[in-house]
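File shown here: input_37.tsv, holding TSV, N, CA and C atoms.
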```tsv
chain	number	residue	atom	x	y	z
A	420	MET	N	7.18	69.70	11.06
A	420	MET	CA	6.27	69.27	12.09
A	420	MET	C	5.68	67.92	11.70
A	421	SER	N	5.55	67.05	12.64
A	421	SER	CA	5.06	65.71	12.39
A	421	SER	C	3.74	65.49	13.12
A	422	VAL	N	2.72	65.12	12.38
A	422	VAL	CA	1.41	64.87	12.98
A	422	VAL	C	1.51	63.74	13.99
A	423	VAL	N	2.22	62.68	13.64
A	423	VAL	CA	2.33	61.53	14.53
A	423	VAL	C	3.07	61.89	15.81
A	424	SER	N	4.20	62.56	15.71
A	424	SER	CA	4.95	62.91	16.92
A	424	SER	C	4.18	63.94	17.76
A	425	ASP	N	3.46	64.86	17.11
A	425	ASP	CA	2.64	65.81	17.84
A	425	ASP	C	1.54	65.08	18.62
A	426	MET	N	0.92	64.10	17.99
A	426	MET	CA	-0.13	63.32	18.66
A	426	MET	C	0.46	62.52	19.81
A	427	ALA	N	1.60	61.92	19.61
A	427	ALA	CA	2.24	61.14	20.68
A	427	ALA	C	2.54	62.04	21.88
A	428	ARG	N	3.06	63.24	21.63
A	428	ARG	CA	3.33	64.19	22.72
A	428	ARG	C	2.04	64.62	23.41
A	429	PHE	N	1.01	64.90	22.64
A	429	PHE	CA	-0.28	65.30	23.19
A	429	PHE	C	-0.83	64.21	24.10
A	430	LEU	N	-0.78	62.97	23.64
A	430	LEU	CA	-1.33	61.87	24.42
A	430	LEU	C	-0.55	61.66	25.72
A	431	LYS	N	0.75	61.88	25.70
A	431	LYS	CA	1.55	61.74	26.92
A	431	LYS	C	1.16	62.77	27.96
A	432	ARG	N	0.70	63.94	27.52
A	432	ARG	CA	0.33	65.01	28.45
A	432	ARG	C	-1.08	64.88	28.98
A	433	GLN	N	-1.90	64.02	28.37
A	433	GLN	CA	-3.31	63.92	28.74
A	433	GLN	C	-3.54	62.79	29.73
A	434	GLN	N	-4.24	63.11	30.81
A	434	GLN	CA	-4.54	62.10	31.81
A	434	GLN	C	-5.49	61.04	31.29
A	435	PHE	N	-6.39	61.42	30.40
A	435	PHE	CA	-7.40	60.48	29.90
A	435	PHE	C	-6.88	59.55	28.82
A	436	ALA	N	-5.69	59.79	28.29
A	436	ALA	CA	-5.19	59.05	27.13
A	436	ALA	C	-5.18	57.54	27.35
A	437	ALA	N	-4.87	57.10	28.55
A	437	ALA	CA	-4.84	55.66	28.82
A	437	ALA	C	-6.24	55.05	28.73
A	438	GLU	N	-7.26	55.86	28.95
A	438	GLU	CA	-8.63	55.37	28.90
A	438	GLU	C	-9.18	55.29	27.48
A	439	VAL	N	-8.54	55.97	26.55
A	439	VAL	CA	-9.00	55.99	25.17
A	439	VAL	C	-8.53	54.71	24.48
A	440	GLU	N	-9.49	53.91	24.06
A	440	GLU	CA	-9.16	52.61	23.47
A	440	GLU	C	-8.48	52.73	22.10
A	441	THR	N	-9.02	53.57	21.24
A	441	THR	CA	-8.50	53.70	19.88
A	441	THR	C	-7.97	55.11	19.66
A	442	LYS	N	-6.70	55.18	19.30
A	442	LYS	CA	-6.06	56.46	19.02
A	442	LYS	C	-5.66	56.46	17.55
A	443	LEU	N	-6.14	57.44	16.80
A	443	LEU	CA	-5.90	57.48	15.37
A	443	LEU	C	-5.44	58.87	14.92
A	444	VAL	N	-4.62	58.90	13.89
A	444	VAL	CA	-4.30	60.13	13.19
A	444	VAL	C	-4.65	59.94	11.72
A	445	LEU	N	-5.07	61.01	11.09
A	445	LEU	CA	-5.34	61.00	9.66
A	445	LEU	C	-4.17	61.68	8.95
A	446	LEU	N	-3.61	60.97	8.00
A	446	LEU	CA	-2.47	61.51	7.24
A	446	LEU	C	-2.78	61.47	5.75
A	447	ASP	N	-2.39	62.52	5.06
A	447	ASP	CA	-2.51	62.52	3.60
A	447	ASP	C	-1.50	61.53	3.04
A	448	GLU	N	-1.97	60.63	2.20
A	448	GLU	CA	-1.08	59.62	1.62
A	448	GLU	C	0.07	60.26	0.85
A	449	ASP	N	-0.20	61.36	0.16
A	449	ASP	CA	0.84	61.99	-0.65
A	449	ASP	C	1.91	62.69	0.20
A	450	ARG	N	1.68	62.79	1.52
A	450	ARG	CA	2.64	63.48	2.37
A	450	ARG	C	3.15	62.62	3.51
A	451	ILE	N	2.84	61.33	3.49
A	451	ILE	CA	3.22	60.48	4.62
A	451	ILE	C	4.73	60.41	4.81
A	452	ASP	N	5.48	60.48	3.72
A	452	ASP	CA	6.94	60.44	3.86
A	452	ASP	C	7.48	61.64	4.61
A	453	GLU	N	6.76	62.75	4.57
A	453	GLU	CA	7.18	63.95	5.29
A	453	GLU	C	6.88	63.84	6.78
A	454	ASP	N	5.96	62.96	7.13
A	454	ASP	CA	5.53	62.86	8.53
A	454	ASP	C	6.34	61.79	9.24
A	455	CYS	N	7.54	62.15	9.60
A	455	CYS	CA	8.39	61.22	10.32
A	455	CYS	C	9.12	61.97	11.43
A	456	ARG	N	9.66	61.21	12.31
A	456	ARG	CA	10.40	61.81	13.44
A	456	ARG	C	11.77	61.16	13.47
A	457	ASN	N	12.79	61.97	13.46
A	457	ASN	CA	14.16	61.47	13.48
A	457	ASN	C	14.41	60.44	12.38
A	458	GLY	N	13.82	60.67	11.22
A	458	GLY	CA	14.05	59.78	10.08
A	458	GLY	C	13.27	58.48	10.14
A	459	ARG	N	12.39	58.33	11.13
A	459	ARG	CA	11.61	57.09	11.24
A	459	ARG	C	10.39	57.12	10.35
A	460	ASP	N	9.96	55.97	9.94
A	460	ASP	CA	8.74	55.80	9.17
A	460	ASP	C	7.55	56.21	10.04
A	461	ALA	N	6.64	57.02	9.49
A	461	ALA	CA	5.51	57.53	10.27
A	461	ALA	C	4.64	56.40	10.79
A	462	ARG	N	4.38	55.39	9.97
A	462	ARG	CA	3.52	54.27	10.42
A	462	ARG	C	4.20	53.48	11.54
A	463	ALA	N	5.49	53.25	11.41
A	463	ALA	CA	6.21	52.49	12.44
A	463	ALA	C	6.23	53.28	13.75
A	464	PHE	N	6.49	54.57	13.68
A	464	PHE	CA	6.51	55.39	14.87
A	464	PHE	C	5.13	55.44	15.52
A	465	ALA	N	4.10	55.56	14.70
A	465	ALA	CA	2.73	55.57	15.22
A	465	ALA	C	2.43	54.26	15.94
A	466	ARG	N	2.78	53.15	15.31
A	466	ARG	CA	2.54	51.82	15.91
A	466	ARG	C	3.25	51.72	17.26
A	467	GLN	N	4.49	52.16	17.32
A	467	GLN	CA	5.26	52.12	18.58
A	467	GLN	C	4.63	53.02	19.64
A	468	SER	N	3.94	54.05	19.21
A	468	SER	CA	3.31	55.00	20.13
A	468	SER	C	1.87	54.62	20.46
A	469	GLY	N	1.40	53.51	19.90
A	469	GLY	CA	0.03	53.07	20.16
A	469	GLY	C	-1.02	53.85	19.42
A	470	ILE	N	-0.62	54.41	18.27
A	470	ILE	CA	-1.52	55.25	17.47
A	470	ILE	C	-1.72	54.58	16.11
A	471	GLY	N	-2.97	54.48	15.69
A	471	GLY	CA	-3.27	53.95	14.37
A	471	GLY	C	-3.21	55.06	13.33
A	472	VAL	N	-2.88	54.71	12.11
A	472	VAL	CA	-2.81	55.68	11.01
A	472	VAL	C	-3.91	55.38	10.02
A	473	VAL	N	-4.66	56.40	9.66
A	473	VAL	CA	-5.67	56.31	8.61
A	473	VAL	C	-5.19	57.22	7.48
A	474	LEU	N	-4.95	56.61	6.33
A	474	LEU	CA	-4.46	57.39	5.18
A	474	LEU	C	-5.62	57.97	4.39
A	475	GLN	N	-5.51	59.24	4.07
A	475	GLN	CA	-6.46	59.91	3.18
A	475	GLN	C	-5.84	59.86	1.79
A	476	THR	N	-6.48	59.15	0.87
A	476	THR	CA	-5.91	58.91	-0.44
A	476	THR	C	-6.57	59.79	-1.49
A	477	PRO	N	-5.80	60.53	-2.28
A	477	PRO	CA	-4.39	60.81	-2.10
A	477	PRO	C	-4.15	61.83	-1.00
A	478	ASN	N	-5.26	62.55	-0.61
A	478	ASN	CA	-5.19	63.58	0.43
A	478	ASN	C	-6.62	63.89	0.85
A	479	LEU	N	-6.78	64.88	1.72
A	479	LEU	CA	-8.12	65.23	2.18
A	479	LEU	C	-9.04	65.59	1.02
A	480	GLU	N	-8.55	66.38	0.09
A	480	GLU	CA	-9.39	66.79	-1.04
A	480	GLU	C	-9.85	65.61	-1.87
A	481	GLY	N	-9.00	64.61	-2.02
A	481	GLY	CA	-9.38	63.40	-2.75
A	481	GLY	C	-10.50	62.65	-2.04
A	482	VAL	N	-10.46	62.59	-0.72
A	482	VAL	CA	-11.52	61.95	0.06
A	482	VAL	C	-12.81	62.75	-0.07
A	483	LEU	N	-12.70	64.07	0.07
A	483	LEU	CA	-13.90	64.91	-0.04
A	483	LEU	C	-14.54	64.80	-1.42
A	484	LEU	N	-13.73	64.69	-2.44
A	484	LEU	CA	-14.26	64.48	-3.80
A	484	LEU	C	-15.07	63.20	-3.85
A	485	ARG	N	-14.53	62.13	-3.29
A	485	ARG	CA	-15.22	60.83	-3.34
A	485	ARG	C	-16.47	60.77	-2.48
A	486	LEU	N	-16.62	61.68	-1.54
A	486	LEU	CA	-17.84	61.72	-0.73
A	486	LEU	C	-19.04	62.21	-1.53
A	487	HIS	N	-18.81	62.87	-2.65
A	487	HIS	CA	-19.90	63.34	-3.50
A	487	HIS	C	-20.48	62.16	-4.29
A	488	PRO	N	-21.80	62.10	-4.40
A	488	PRO	CA	-22.44	61.00	-5.14
A	488	PRO	C	-21.84	60.82	-6.54
A	489	ASN	N	-21.70	59.58	-6.92
A	489	ASN	CA	-21.16	59.16	-8.22
A	489	ASN	C	-19.67	59.41	-8.37
A	490	ASN	N	-18.98	59.73	-7.28
A	490	ASN	CA	-17.53	59.94	-7.32
A	490	ASN	C	-16.79	58.98	-6.40
A	491	GLU	N	-17.50	58.05	-5.79
A	491	GLU	CA	-16.94	57.18	-4.76
A	491	GLU	C	-15.70	56.41	-5.20
A	492	GLN	N	-15.65	56.05	-6.46
A	492	GLN	CA	-14.54	55.23	-6.96
A	492	GLN	C	-13.52	56.04	-7.76
A	493	ARG	N	-13.65	57.34	-7.77
A	493	ARG	CA	-12.73	58.17	-8.56
A	493	ARG	C	-11.32	58.10	-8.00
A	494	VAL	N	-10.39	57.94	-8.89
A	494	VAL	CA	-8.98	57.94	-8.53
A	494	VAL	C	-8.35	59.15	-9.21
A	495	VAL	N	-7.88	60.07	-8.38
A	495	VAL	CA	-7.22	61.26	-8.91
A	495	VAL	C	-5.88	61.39	-8.21
A	496	SER	N	-4.97	62.09	-8.85
A	496	SER	CA	-3.67	62.34	-8.23
A	496	SER	C	-3.82	63.45	-7.20
A	497	ALA	N	-2.85	63.57	-6.34
A	497	ALA	CA	-2.85	64.64	-5.34
A	497	ALA	C	-2.87	66.00	-6.05
A	498	HIS	N	-2.18	66.08	-7.16
A	498	HIS	CA	-2.12	67.33	-7.93
A	498	HIS	C	-3.50	67.72	-8.47
A	499	GLU	N	-4.31	66.74	-8.85
A	499	GLU	CA	-5.63	66.99	-9.43
A	499	GLU	C	-6.75	67.11	-8.41
A	500	ALA	N	-6.54	66.62	-7.20
A	500	ALA	CA	-7.62	66.46	-6.24
A	500	ALA	C	-8.38	67.76	-5.93
A	501	GLU	N	-7.67	68.82	-5.60
A	501	GLU	CA	-8.37	70.06	-5.25
A	501	GLU	C	-9.12	70.64	-6.45
A	502	ARG	N	-8.50	70.59	-7.61
A	502	ARG	CA	-9.16	71.11	-8.82
A	502	ARG	C	-10.44	70.33	-9.11
A	503	GLU	N	-10.37	69.01	-9.02
A	503	GLU	CA	-11.54	68.17	-9.28
A	503	GLU	C	-12.62	68.37	-8.21
A	504	LEU	N	-12.18	68.55	-6.95
A	504	LEU	CA	-13.13	68.80	-5.87
A	504	LEU	C	-13.89	70.10	-6.14
A	505	LYS	N	-13.20	71.12	-6.60
A	505	LYS	CA	-13.85	72.41	-6.86
A	505	LYS	C	-14.83	72.34	-8.02
A	506	ARG	N	-14.73	71.33	-8.85
A	506	ARG	CA	-15.72	71.15	-9.93
A	506	ARG	C	-17.06	70.71	-9.36
A	507	VAL	N	-17.03	69.90	-8.30
A	507	VAL	CA	-18.28	69.43	-7.70
A	507	VAL	C	-18.68	70.26	-6.48
A	508	TRP	N	-17.74	71.02	-5.94
A	508	TRP	CA	-17.99	71.88	-4.78
A	508	TRP	C	-17.29	73.22	-5.05
A	509	PRO	N	-17.88	74.06	-5.90
A	509	PRO	CA	-17.24	75.30	-6.34
A	509	PRO	C	-16.84	76.25	-5.21
A	510	SER	N	-17.56	76.24	-4.11
A	510	SER	CA	-17.24	77.18	-3.02
A	510	SER	C	-16.24	76.60	-2.01
A	511	TYR	N	-15.67	75.44	-2.31
A	511	TYR	CA	-14.71	74.81	-1.39
A	511	TYR	C	-13.51	75.73	-1.14
A	512	GLU	N	-13.19	75.88	0.14
A	512	GLU	CA	-11.99	76.60	0.54
A	512	GLU	C	-11.25	75.78	1.57
A	513	LYS	N	-9.96	75.78	1.46
A	513	LYS	CA	-9.10	74.99	2.33
A	513	LYS	C	-8.69	75.82	3.54
A	514	PRO	N	-8.74	75.31	4.73
A	514	PRO	CA	-9.34	74.05	5.15
A	514	PRO	C	-10.84	74.24	5.42
A	515	PRO	N	-11.63	73.22	5.15
A	515	PRO	CA	-13.07	73.34	5.41
A	515	PRO	C	-13.33	73.28	6.92
A	516	SER	N	-14.34	73.99	7.37
A	516	SER	CA	-14.70	73.94	8.78
A	516	SER	C	-15.58	72.71	9.04
A	517	SER	N	-15.68	72.33	10.28
A	517	SER	CA	-16.54	71.19	10.62
A	517	SER	C	-17.99	71.51	10.28
A	518	SER	N	-18.38	72.76	10.41
A	518	SER	CA	-19.74	73.18	10.06
A	518	SER	C	-19.99	73.00	8.55
A	519	GLN	N	-19.03	73.42	7.73
A	519	GLN	CA	-19.18	73.25	6.28
A	519	GLN	C	-19.29	71.77	5.92
A	520	LEU	N	-18.45	70.96	6.55
A	520	LEU	CA	-18.46	69.53	6.25
A	520	LEU	C	-19.77	68.88	6.67
A	521	SER	N	-20.27	69.23	7.84
A	521	SER	CA	-21.51	68.60	8.32
A	521	SER	C	-22.73	69.05	7.51
A	522	LYS	N	-22.67	70.25	6.95
A	522	LYS	CA	-23.76	70.71	6.09
A	522	LYS	C	-23.70	70.05	4.71
A	523	ARG	N	-22.49	69.74	4.29
A	523	ARG	CA	-22.29	69.21	2.93
A	523	ARG	C	-22.46	67.69	2.85
A	524	PHE	N	-22.03	66.98	3.89
A	524	PHE	CA	-21.99	65.51	3.84
A	524	PHE	C	-22.77	64.90	4.99
A	525	SER	N	-23.32	63.72	4.70
A	525	SER	CA	-24.07	62.98	5.71
A	525	SER	C	-23.31	61.70	6.08
A	526	VAL	N	-23.78	61.04	7.09
A	526	VAL	CA	-23.21	59.74	7.47
A	526	VAL	C	-23.38	58.76	6.31
A	527	ASP	N	-24.49	58.87	5.59
A	527	ASP	CA	-24.70	58.00	4.42
A	527	ASP	C	-23.63	58.22	3.36
A	528	ASP	N	-23.20	59.47	3.16
A	528	ASP	CA	-22.11	59.75	2.21
A	528	ASP	C	-20.82	59.05	2.66
A	529	LEU	N	-20.55	59.13	3.95
A	529	LEU	CA	-19.35	58.47	4.49
A	529	LEU	C	-19.42	56.97	4.30
A	530	ARG	N	-20.54	56.38	4.65
A	530	ARG	CA	-20.69	54.91	4.52
A	530	ARG	C	-20.62	54.45	3.07
A	531	ARG	N	-21.28	55.22	2.19
A	531	ARG	CA	-21.27	54.86	0.76
A	531	ARG	C	-19.83	54.87	0.23
A	532	THR	N	-19.09	55.90	0.58
A	532	THR	CA	-17.71	56.02	0.11
A	532	THR	C	-16.81	54.96	0.74
A	533	ALA	N	-17.06	54.63	2.00
A	533	ALA	CA	-16.24	53.65	2.71
A	533	ALA	C	-16.32	52.26	2.08
A	534	ARG	N	-17.35	51.99	1.31
A	534	ARG	CA	-17.42	50.69	0.62
A	534	ARG	C	-16.26	50.52	-0.36
A	535	TYR	N	-15.68	51.64	-0.80
A	535	TYR	CA	-14.59	51.61	-1.77
A	535	TYR	C	-13.26	52.10	-1.19
A	536	ASP	N	-13.26	52.44	0.08
A	536	ASP	CA	-12.06	53.02	0.71
A	536	ASP	C	-11.84	52.33	2.06
A	537	SER	N	-10.89	51.40	2.09
A	537	SER	CA	-10.66	50.61	3.30
A	537	SER	C	-10.17	51.47	4.47
A	538	GLU	N	-9.44	52.52	4.20
A	538	GLU	CA	-8.96	53.40	5.26
A	538	GLU	C	-10.12	54.15	5.90
A	539	LEU	N	-11.02	54.68	5.09
A	539	LEU	CA	-12.20	55.35	5.61
A	539	LEU	C	-13.08	54.36	6.37
A	540	ARG	N	-13.20	53.15	5.85
A	540	ARG	CA	-13.97	52.10	6.53
A	540	ARG	C	-13.38	51.81	7.91
A	541	GLN	N	-12.05	51.75	8.00
A	541	GLN	CA	-11.37	51.53	9.28
A	541	GLN	C	-11.73	52.64	10.27
A	542	LEU	N	-11.71	53.89	9.81
A	542	LEU	CA	-12.04	55.03	10.66
A	542	LEU	C	-13.49	54.95	11.13
A	543	LEU	N	-14.41	54.72	10.21
A	543	LEU	CA	-15.83	54.68	10.57
A	543	LEU	C	-16.13	53.52	11.52
A	544	THR	N	-15.46	52.42	11.34
A	544	THR	CA	-15.62	51.28	12.25
A	544	THR	C	-15.10	51.64	13.64
A	545	ALA	N	-13.94	52.29	13.68
A	545	ALA	CA	-13.33	52.66	14.98
A	545	ALA	C	-14.21	53.62	15.77
A	546	ILE	N	-14.93	54.50	15.08
A	546	ILE	CA	-15.76	55.48	15.80
A	546	ILE	C	-17.22	55.04	15.90
A	547	GLY	N	-17.51	53.80	15.45
A	547	GLY	CA	-18.83	53.23	15.65
A	547	GLY	C	-19.86	53.58	14.60
A	548	LEU	N	-19.45	54.09	13.45
A	548	LEU	CA	-20.42	54.41	12.40
A	548	LEU	C	-20.61	53.28	11.40
A	549	MET	N	-19.76	52.27	11.50
A	549	MET	CA	-19.90	51.07	10.67
A	549	MET	C	-19.54	49.88	11.53
A	550	SER	N	-20.07	48.75	11.16
A	550	SER	CA	-19.71	47.53	11.90
A	550	SER	C	-18.95	46.58	11.03
```
The structure in this file should be written as structure tokens.
Amino acid sequence: MSVVSDMARFLKRQQFAAEVETKLVLLDEDRIDEDCRNGRDARAFARQSGIGVVLQTPNLEGVLLRLHPNNEQRVVSAHEAERELKRVWPSYEKPPSSSQLSKRFSVDDLRRTARYDSELRQLLTAIGLMS
């Protein structure tokens, strides 16, 4: 299953899609090679479909780790990310709910981390949380 191709299909079925100025998908950097359609590069296919790609480096757990204070610049491998995240968030379970995330992190956490993460900064700018 391809996140990019699924999004492209979803947008084709939606009447409002033409009205949406910015269309983005979030992809784990460590799995981007798996997210292709008919052997195409995920970023190239997204670009052709009018969809921007925001990479989570190395994956969602790596981003969540960096949202914790004093971890903004941490670089961990995809293999280490979940283990390291559980050190600072022992009750973390995959996948986290939006409620868990909103209770755990603030907009300030996002902005602080985005100073060191250009992909996160791109996302926050696109949705109006950063200028």
Listed atoms of range 493-502 of chain A boxed axis-aligned with 5 Å per side, centre + edges as AutoDock Vina command-line options:
```
--center_x -7.9 --center_y 64.2 --center_z -7.3 --size_x 21.5 --size_y 23.8 --size_z 14.2
```
Worksheet item: Using only C-alpha atoms, which residues sit within 12 Å of range 473-480 of chain A once same-chain residues fewer than 6 positions away are excluded, as number ranges by chain?
Response: A: 422-423, 441-452, 454, 461-462, 465-466, 486-487, 491-508, 511-515, 520, 533, 535-545
Discussion item. As an exercise, work out the distance from atom C of Arg432 in chain A to atom N of Val472 in chain A in Å and give it to one decimal place.
Written reply: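 Atom N of Val472 in chain A lies 19.8 Å from atom C of Arg432 in chain A.
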Report the residues of range 428-525 of chain A whose backbone DSSP state falls under helix (DSSP H, G or I), written as a short mmCIF file (atom, residue, chain, number, x, y, z; two decimals) with N, CA and C atoms, in the frame of the given file.
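Resulting contents of part-v5.cif:
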```
data_model
loop_
_atom_site.label_atom_id
_atom_site.label_comp_id
_atom_site.auth_asym_id
_atom_site.auth_seq_id
_atom_site.Cartn_x
_atom_site.Cartn_y
_atom_site.Cartn_z
N ARG A 428 3.06 63.24 21.63
CA ARG A 428 3.33 64.19 22.72
C ARG A 428 2.04 64.62 23.41
N PHE A 429 1.01 64.90 22.64
CA PHE A 429 -0.28 65.30 23.19
C PHE A 429 -0.83 64.21 24.10
N LEU A 430 -0.78 62.97 23.64
CA LEU A 430 -1.33 61.87 24.42
C LEU A 430 -0.55 61.66 25.72
N LYS A 431 0.75 61.88 25.70
CA LYS A 431 1.55 61.74 26.92
C LYS A 431 1.16 62.77 27.96
N ARG A 432 0.70 63.94 27.52
CA ARG A 432 0.33 65.01 28.45
C ARG A 432 -1.08 64.88 28.98
N GLN A 434 -4.24 63.11 30.81
CA GLN A 434 -4.54 62.10 31.81
C GLN A 434 -5.49 61.04 31.29
N PHE A 435 -6.39 61.42 30.40
CA PHE A 435 -7.40 60.48 29.90
C PHE A 435 -6.88 59.55 28.82
N ALA A 436 -5.69 59.79 28.29
CA ALA A 436 -5.19 59.05 27.13
C ALA A 436 -5.18 57.54 27.35
N ALA A 437 -4.87 57.10 28.55
CA ALA A 437 -4.84 55.66 28.82
C ALA A 437 -6.24 55.05 28.73
N GLU A 438 -7.26 55.86 28.95
CA GLU A 438 -8.63 55.37 28.90
C GLU A 438 -9.18 55.29 27.48
N GLU A 448 -1.97 60.63 2.20
CA GLU A 448 -1.08 59.62 1.62
C GLU A 448 0.07 60.26 0.85
N ASP A 449 -0.20 61.36 0.16
CA ASP A 449 0.84 61.99 -0.65
C ASP A 449 1.91 62.69 0.20
N ARG A 450 1.68 62.79 1.52
CA ARG A 450 2.64 63.48 2.37
C ARG A 450 3.15 62.62 3.51
N ILE A 451 2.84 61.33 3.49
CA ILE A 451 3.22 60.48 4.62
C ILE A 451 4.73 60.41 4.81
N ASP A 452 5.48 60.48 3.72
CA ASP A 452 6.94 60.44 3.86
C ASP A 452 7.48 61.64 4.61
N GLU A 453 6.76 62.75 4.57
CA GLU A 453 7.18 63.95 5.29
C GLU A 453 6.88 63.84 6.78
N ALA A 461 6.64 57.02 9.49
CA ALA A 461 5.51 57.53 10.27
C ALA A 461 4.64 56.40 10.79
N ARG A 462 4.38 55.39 9.97
CA ARG A 462 3.52 54.27 10.42
C ARG A 462 4.20 53.48 11.54
N ALA A 463 5.49 53.25 11.41
CA ALA A 463 6.21 52.49 12.44
C ALA A 463 6.23 53.28 13.75
N PHE A 464 6.49 54.57 13.68
CA PHE A 464 6.51 55.39 14.87
C PHE A 464 5.13 55.44 15.52
N ALA A 465 4.10 55.56 14.70
CA ALA A 465 2.73 55.57 15.22
C ALA A 465 2.43 54.26 15.94
N ARG A 466 2.78 53.15 15.31
CA ARG A 466 2.54 51.82 15.91
C ARG A 466 3.25 51.72 17.26
N GLN A 467 4.49 52.16 17.32
CA GLN A 467 5.26 52.12 18.58
C GLN A 467 4.63 53.02 19.64
N LEU A 479 -6.78 64.88 1.72
CA LEU A 479 -8.12 65.23 2.18
C LEU A 479 -9.04 65.59 1.02
N GLU A 480 -8.55 66.38 0.09
CA GLU A 480 -9.39 66.79 -1.04
C GLU A 480 -9.85 65.61 -1.87
N GLY A 481 -9.00 64.61 -2.02
CA GLY A 481 -9.38 63.40 -2.75
C GLY A 481 -10.50 62.65 -2.04
N VAL A 482 -10.46 62.59 -0.72
CA VAL A 482 -11.52 61.95 0.06
C VAL A 482 -12.81 62.75 -0.07
N LEU A 483 -12.70 64.07 0.07
CA LEU A 483 -13.90 64.91 -0.04
C LEU A 483 -14.54 64.80 -1.42
N LEU A 484 -13.73 64.69 -2.44
CA LEU A 484 -14.26 64.48 -3.80
C LEU A 484 -15.07 63.20 -3.85
N ARG A 485 -14.53 62.13 -3.29
CA ARG A 485 -15.22 60.83 -3.34
C ARG A 485 -16.47 60.77 -2.48
N LEU A 486 -16.62 61.68 -1.54
CA LEU A 486 -17.84 61.72 -0.73
C LEU A 486 -19.04 62.21 -1.53
N ALA A 497 -2.85 63.57 -6.34
CA ALA A 497 -2.85 64.64 -5.34
C ALA A 497 -2.87 66.00 -6.05
N HIS A 498 -2.18 66.08 -7.16
CA HIS A 498 -2.12 67.33 -7.93
C HIS A 498 -3.50 67.72 -8.47
N GLU A 499 -4.31 66.74 -8.85
CA GLU A 499 -5.63 66.99 -9.43
C GLU A 499 -6.75 67.11 -8.41
N ALA A 500 -6.54 66.62 -7.20
CA ALA A 500 -7.62 66.46 -6.24
C ALA A 500 -8.38 67.76 -5.93
N GLU A 501 -7.67 68.82 -5.60
CA GLU A 501 -8.37 70.06 -5.25
C GLU A 501 -9.12 70.64 -6.45
N ARG A 502 -8.50 70.59 -7.61
CA ARG A 502 -9.16 71.11 -8.82
C ARG A 502 -10.44 70.33 -9.11
N GLU A 503 -10.37 69.01 -9.02
CA GLU A 503 -11.54 68.17 -9.28
C GLU A 503 -12.62 68.37 -8.21
N LEU A 504 -12.18 68.55 -6.95
CA LEU A 504 -13.13 68.80 -5.87
C LEU A 504 -13.89 70.10 -6.14
N LYS A 505 -13.20 71.12 -6.60
CA LYS A 505 -13.85 72.41 -6.86
C LYS A 505 -14.83 72.34 -8.02
N ARG A 506 -14.73 71.33 -8.85
CA ARG A 506 -15.72 71.15 -9.93
C ARG A 506 -17.06 70.71 -9.36
N VAL A 507 -17.03 69.90 -8.30
CA VAL A 507 -18.28 69.43 -7.70
C VAL A 507 -18.68 70.26 -6.48
N SER A 517 -15.68 72.33 10.28
CA SER A 517 -16.54 71.19 10.62
C SER A 517 -17.99 71.51 10.28
N SER A 518 -18.38 72.76 10.41
CA SER A 518 -19.74 73.18 10.06
C SER A 518 -19.99 73.00 8.55
N GLN A 519 -19.03 73.42 7.73
CA GLN A 519 -19.18 73.25 6.28
C GLN A 519 -19.29 71.77 5.92
N LEU A 520 -18.45 70.96 6.55
CA LEU A 520 -18.46 69.53 6.25
C LEU A 520 -19.77 68.88 6.67
N SER A 521 -20.27 69.23 7.84
CA SER A 521 -21.51 68.60 8.32
C SER A 521 -22.73 69.05 7.51
N LYS A 522 -22.67 70.25 6.95
CA LYS A 522 -23.76 70.71 6.09
C LYS A 522 -23.70 70.05 4.71
N ARG A 523 -22.49 69.74 4.29
CA ARG A 523 -22.29 69.21 2.93
C ARG A 523 -22.46 67.69 2.85
#
```
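Those residues of range 421-532 of chain A that DSSP, working from the backbone, places in strand (DSSP E) are Leu443, Val444, Leu445, Leu446, Asp447, Gly471, Val472, Val473, Leu474 and Gln475 of chain A.
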Save the residues we just selected, N, CA and C atoms, as a compact mmCIF listing (two decimals), in the coordinates of the input?
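After the write, again32.txt holds the following:
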```txt
# COMPACT_ATOMS: atom_id res chain seq x y z
N LEU A 443 -6.14 57.44 16.80
CA LEU A 443 -5.90 57.48 15.37
C LEU A 443 -5.44 58.87 14.92
N VAL A 444 -4.62 58.90 13.89
CA VAL A 444 -4.30 60.13 13.19
C VAL A 444 -4.65 59.94 11.72
N LEU A 445 -5.07 61.01 11.09
CA LEU A 445 -5.34 61.00 9.66
C LEU A 445 -4.17 61.68 8.95
N LEU A 446 -3.61 60.97 8.00
CA LEU A 446 -2.47 61.51 7.24
C LEU A 446 -2.78 61.47 5.75
N ASP A 447 -2.39 62.52 5.06
CA ASP A 447 -2.51 62.52 3.60
C ASP A 447 -1.50 61.53 3.04
N GLY A 471 -2.97 54.48 15.69
CA GLY A 471 -3.27 53.95 14.37
C GLY A 471 -3.21 55.06 13.33
N VAL A 472 -2.88 54.71 12.11
CA VAL A 472 -2.81 55.68 11.01
C VAL A 472 -3.91 55.38 10.02
N VAL A 473 -4.66 56.40 9.66
CA VAL A 473 -5.67 56.31 8.61
C VAL A 473 -5.19 57.22 7.48
N LEU A 474 -4.95 56.61 6.33
CA LEU A 474 -4.46 57.39 5.18
C LEU A 474 -5.62 57.97 4.39
N GLN A 475 -5.51 59.24 4.07
CA GLN A 475 -6.46 59.91 3.18
C GLN A 475 -5.84 59.86 1.79
```
Discussion item. Nearest residue to Ile470 in chain A out of A:Ser510, A:Ser424, A:Glu453, A:Gln434, using only C-alpha atoms?
Written reply: A:Ser424
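Between atom C of Met426 in chain A and atom N of Glu438 in chain A the separation is 13.7 Å.
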Practice prompt. Enter the distance from atom C of Gln519 in chain A to atom N of Leu483 in chain A, in Å, rounded to one decimal.
Written response: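 Interatomic distance, atom C of Gln519 in chain A to atom N of Leu483 in chain A: 11.7 Å.
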